[in-house]
>>> print(open('entry02.txt').read())   # compact mmCIF, C-alpha atoms
# COMPACT_ATOMS: atom_id res chain seq x y z
CA GLN A 9 0.00 0.00 0.00
CA VAL A 10 1.30 3.43 -0.93
CA GLN A 11 2.25 5.53 2.09
CA LEU A 12 3.40 9.05 2.62
CA VAL A 13 6.81 9.63 4.22
CA GLU A 14 7.04 12.04 7.16
CA SER A 15 10.15 13.56 8.71
CA GLY A 16 11.11 16.27 11.18
CA GLY A 17 9.69 15.06 14.48
CA GLY A 18 11.70 14.94 17.66
CA LEU A 19 12.18 16.29 21.17
CA VAL A 20 12.04 20.02 21.78
CA GLN A 21 11.68 22.28 24.80
CA ALA A 22 8.57 24.33 25.34
CA GLY A 23 8.74 27.52 23.30
CA GLY A 24 10.87 25.89 20.63
CA SER A 25 10.16 25.12 16.98
CA LEU A 26 10.04 22.13 14.67
CA ARG A 27 9.31 21.73 10.97
CA LEU A 28 7.57 18.60 9.73
CA SER A 29 7.72 17.46 6.13
CA CYS A 30 5.61 14.90 4.31
CA ALA A 31 6.23 13.63 0.79
CA ALA A 32 3.71 11.75 -1.31
CA PRO A 33 5.05 9.52 -4.10
CA ILE A 34 4.94 11.14 -7.53
CA SER A 35 2.83 8.16 -8.61
CA ILE A 36 -0.11 9.64 -6.66
CA PHE A 37 -2.06 11.90 -9.01
CA SER A 38 -4.80 14.47 -8.54
CA ILE A 39 -4.05 15.33 -4.91
CA ASN A 40 -6.59 17.76 -3.52
CA ALA A 41 -6.19 18.62 0.15
CA MET A 42 -3.11 17.70 2.18
CA GLY A 43 -2.69 18.13 5.88
CA TRP A 44 -1.81 16.90 9.32
CA TYR A 45 -3.64 15.14 12.11
CA ARG A 46 -2.21 14.39 15.52
CA GLN A 47 -2.94 11.81 18.17
CA ALA A 48 -1.87 12.29 21.76
CA PRO A 49 -1.62 9.29 24.13
CA GLY A 50 -5.08 8.09 25.12
CA LYS A 51 -6.85 10.59 22.87
CA GLN A 52 -8.52 10.56 19.49
CA ARG A 53 -6.81 11.67 16.31
CA VAL A 54 -7.67 15.31 15.56
CA LEU A 55 -7.10 17.57 12.59
CA VAL A 56 -4.29 20.09 13.10
CA ALA A 57 -4.09 21.85 9.74
CA ALA A 58 -5.08 21.36 6.12
CA ILE A 59 -4.25 23.04 2.84
CA ALA A 60 -6.15 22.84 -0.43
CA SER A 61 -4.46 22.49 -3.80
CA GLU A 62 -5.00 26.19 -4.53
CA GLY A 63 -3.50 27.18 -1.17
CA SER A 64 -6.40 27.92 1.16
CA THR A 65 -5.72 26.77 4.71
CA ASN A 66 -7.60 25.60 7.79
CA TYR A 67 -6.26 25.28 11.35
CA ALA A 68 -7.41 23.88 14.65
CA ASP A 69 -8.09 26.67 17.14
CA SER A 70 -5.41 25.31 19.45
CA VAL A 71 -2.62 25.95 16.91
CA LYS A 72 -3.76 29.14 15.19
CA GLY A 73 -1.04 31.77 15.22
CA ARG A 74 1.64 29.21 16.10
CA PHE A 75 1.59 26.65 13.26
CA THR A 76 1.84 27.31 9.52
CA ILE A 77 1.02 24.77 6.83
CA SER A 78 2.40 25.03 3.30
CA ARG A 79 2.84 22.79 0.29
CA ASP A 80 4.90 22.33 -2.86
CA ASN A 81 2.60 20.85 -5.49
CA ALA A 82 5.46 20.09 -7.87
CA LYS A 83 7.01 17.85 -5.21
CA ASN A 84 3.76 16.46 -3.74
CA THR A 85 5.06 17.68 -0.38
CA VAL A 86 3.35 19.35 2.58
CA TYR A 87 5.08 21.09 5.48
CA LEU A 88 4.07 22.08 8.98
CA GLN A 89 6.09 24.81 10.68
CA MET A 90 5.43 24.63 14.42
CA ASN A 91 6.50 27.55 16.61
CA SER A 92 5.97 28.36 20.29
CA LEU A 93 5.47 24.69 21.01
CA LYS A 94 3.70 23.66 24.20
CA PRO A 95 3.75 20.37 26.13
CA GLU A 96 0.15 19.80 25.02
CA ASP A 97 1.39 19.66 21.42
CA THR A 98 3.07 16.34 22.25
CA ALA A 99 1.60 13.71 19.92
CA VAL A 100 2.21 11.51 16.92
CA TYR A 101 1.65 13.64 13.83
CA HIS A 102 0.23 11.94 10.74
CA CYS A 103 0.09 13.55 7.31
CA TYR A 104 -2.50 12.75 4.66
CA ALA A 105 -3.20 13.39 1.01
CA ASP A 106 -6.73 13.39 -0.42
CA THR A 107 -7.45 12.25 -3.95
CA PRO A 108 -10.83 11.69 -5.62
CA ARG A 109 -10.45 7.94 -5.06
CA LEU A 110 -8.43 7.43 -1.89
CA LYS A 111 -7.04 9.13 1.20
CA TYR A 112 -3.38 8.29 1.74
CA TRP A 113 -1.65 8.37 5.11
CA GLY A 114 1.82 8.41 6.57
CA LYS A 115 2.93 6.23 9.48
CA GLY A 116 3.38 9.21 11.74
CA THR A 117 6.23 11.11 13.37
CA LEU A 118 6.52 11.69 17.12
CA VAL A 119 6.75 15.20 18.47
CA THR A 120 7.60 15.52 22.16
CA VAL A 121 7.59 18.91 23.87
CA SER A 122 9.21 19.06 27.30
CA LEU A 123 8.83 21.69 30.00
>>> encode(input="entry02.txt", output="structure tokens")
Amino acid sequence: QVQLVESGGGLVQAGGSLRLSCAAPISIFSINAMGWYRQAPGKQRVLVAAIASEGSTNYADSVKGRFTISRDNAKNTVYLQMNSLKPEDTAVYHCYADTPRLKYWGKGTLVTVSL
């Protein structure tokens, strides 16, 4: 099964920054929205940010003003710049890519924010 490949997770202190990247194989055509979900321990997966093919964006209230999503359509890649990180941002971050037929997912990358 085709999967997206995430990178950029890790351990950071509160107030720090991380940049996540997610690449979809070039073999995946007609990608519409791309974005990121996150799942904290013992909690449900929730949408963090999404970006449409033409560039419009959507953010969870908890990350507005701190996270920025962007994409490079030529590379089938989506990014998530995370600033002013808080311990409550600790989670596994999963990227996705929507096509008319399927929704593709990555395995996830762990982000841990310490006090």
>>> residues_around(input="entry02.txt", residues="A:Cys30", least_positions_apart="5", cutoff="10 Å", atoms="all atoms listed in the file", output="list in words")
Leu12, Val13, Glu14, Ser15, Gly16, Met42, Gly43, Trp44, Arg79, Asn84, Thr85, Val86, Tyr87, Leu88, His102, Cys103, Tyr104, Ala105, Trp113, Gly114, Gly116 and Thr117 of chain A
>>> closest_atom_pairs(input="entry02.txt", of="stretch 57-102 of chain A", to="stretch 17-20 of chain A", cutoff="9 Å", atoms="all atoms listed in the file", output="Markdown table")
| residue | atom | partner | partner_atom | distance |
| --- | --- | --- | --- | --- |
| A:Leu93 | CA | A:Val20 | CA | 8.1 |
| A:Val100 | CA | A:Gly17 | CA | 8.6 |
| A:Tyr101 | CA | A:Gly17 | CA | 8.2 |
>>> closest_residue(input="entry02.txt", among="A:Pro108, A:Pro33, A:Gly63, A:Gly23", to="A:Glu96", atoms="all atoms listed in the file")
A:Gly23
>>> atom_distance(input="entry02.txt", atom1="atom CA of A:Ala57", atom2="atom CA of A:Thr120")
18.2 Å
>>> atom_distance(input="entry02.txt", atom1="atom CA of A:Ser122", atom2="atom CA of A:Thr98")
8.4 Å
>>> atom_distance(input="entry02.txt", atom1="atom CA of A:Met90", atom2="atom CA of A:Ala58")
13.8 Å
>>> residues_around(input="entry02.txt", residues="A:Ala68", least_positions_apart="5", cutoff="12 Å", atoms="all atoms listed in the file", output="NGL selection string")
:A and (43-46 or 54-58 or 73-77 or 97)
>>> build_atoms(input="entry02.txt", residues="stretch 87-105 of chain A", atoms="N, CA, C and O atoms", output="short mmCIF file (atom, residue, chain, number, x, y, z; two decimals), in the frame of the given file")
data_model
loop_
_atom_site.label_atom_id
_atom_site.label_comp_id
_atom_site.auth_asym_id
_atom_site.auth_seq_id
_atom_site.Cartn_x
_atom_site.Cartn_y
_atom_site.Cartn_z
N TYR A 87 4.24 20.74 4.33
CA TYR A 87 5.08 21.09 5.48
C TYR A 87 4.21 21.63 6.61
O TYR A 87 3.14 22.18 6.38
N LEU A 88 4.73 21.48 7.83
CA LEU A 88 4.07 22.08 8.98
C LEU A 88 5.15 22.74 9.84
O LEU A 88 5.95 22.04 10.47
N GLN A 89 5.17 24.06 9.83
CA GLN A 89 6.09 24.81 10.68
C GLN A 89 5.40 25.04 12.02
O GLN A 89 4.33 25.64 12.08
N MET A 90 6.03 24.55 13.09
CA MET A 90 5.43 24.63 14.42
C MET A 90 6.32 25.49 15.31
O MET A 90 7.47 25.14 15.57
N ASN A 91 5.78 26.62 15.74
CA ASN A 91 6.50 27.55 16.61
C ASN A 91 5.81 27.64 17.96
O ASN A 91 4.65 27.24 18.11
N SER A 92 6.52 28.18 18.93
CA SER A 92 5.97 28.36 20.29
C SER A 92 5.32 27.07 20.79
O SER A 92 4.19 27.08 21.29
N LEU A 93 6.03 25.98 20.65
CA LEU A 93 5.47 24.69 21.01
C LEU A 93 5.20 24.59 22.51
O LEU A 93 5.93 25.16 23.34
N LYS A 94 4.13 23.86 22.83
CA LYS A 94 3.70 23.66 24.20
C LYS A 94 3.70 22.16 24.52
O LYS A 94 3.56 21.34 23.59
N PRO A 95 3.80 21.80 25.78
CA PRO A 95 3.75 20.37 26.13
C PRO A 95 2.50 19.68 25.60
O PRO A 95 2.56 18.50 25.23
N GLU A 96 1.39 20.41 25.53
CA GLU A 96 0.15 19.80 25.02
C GLU A 96 0.17 19.54 23.52
O GLU A 96 -0.75 18.93 22.97
N ASP A 97 1.22 19.99 22.84
CA ASP A 97 1.39 19.66 21.42
C ASP A 97 2.03 18.28 21.24
O ASP A 97 2.13 17.80 20.10
N THR A 98 2.45 17.67 22.33
CA THR A 98 3.07 16.34 22.25
C THR A 98 2.08 15.33 21.68
O THR A 98 0.96 15.19 22.18
N ALA A 99 2.48 14.66 20.60
CA ALA A 99 1.60 13.71 19.92
C ALA A 99 2.36 13.06 18.77
O ALA A 99 3.46 13.49 18.42
N VAL A 100 1.74 12.04 18.20
CA VAL A 100 2.21 11.51 16.92
C VAL A 100 1.46 12.28 15.82
O VAL A 100 0.23 12.35 15.84
N TYR A 101 2.21 12.85 14.91
CA TYR A 101 1.65 13.64 13.83
C TYR A 101 1.61 12.81 12.55
O TYR A 101 2.65 12.29 12.12
N HIS A 102 0.43 12.71 11.97
CA HIS A 102 0.23 11.94 10.74
C HIS A 102 -0.15 12.88 9.60
O HIS A 102 -1.05 13.70 9.77
N CYS A 103 0.50 12.75 8.46
CA CYS A 103 0.09 13.55 7.31
C CYS A 103 -0.85 12.72 6.43
O CYS A 103 -0.88 11.50 6.53
N TYR A 104 -1.59 13.43 5.58
CA TYR A 104 -2.50 12.75 4.66
C TYR A 104 -2.54 13.51 3.34
O TYR A 104 -2.20 14.69 3.27
N ALA A 105 -3.01 12.79 2.32
CA ALA A 105 -3.20 13.39 1.01
C ALA A 105 -4.52 12.85 0.46
O ALA A 105 -4.70 11.63 0.36
#
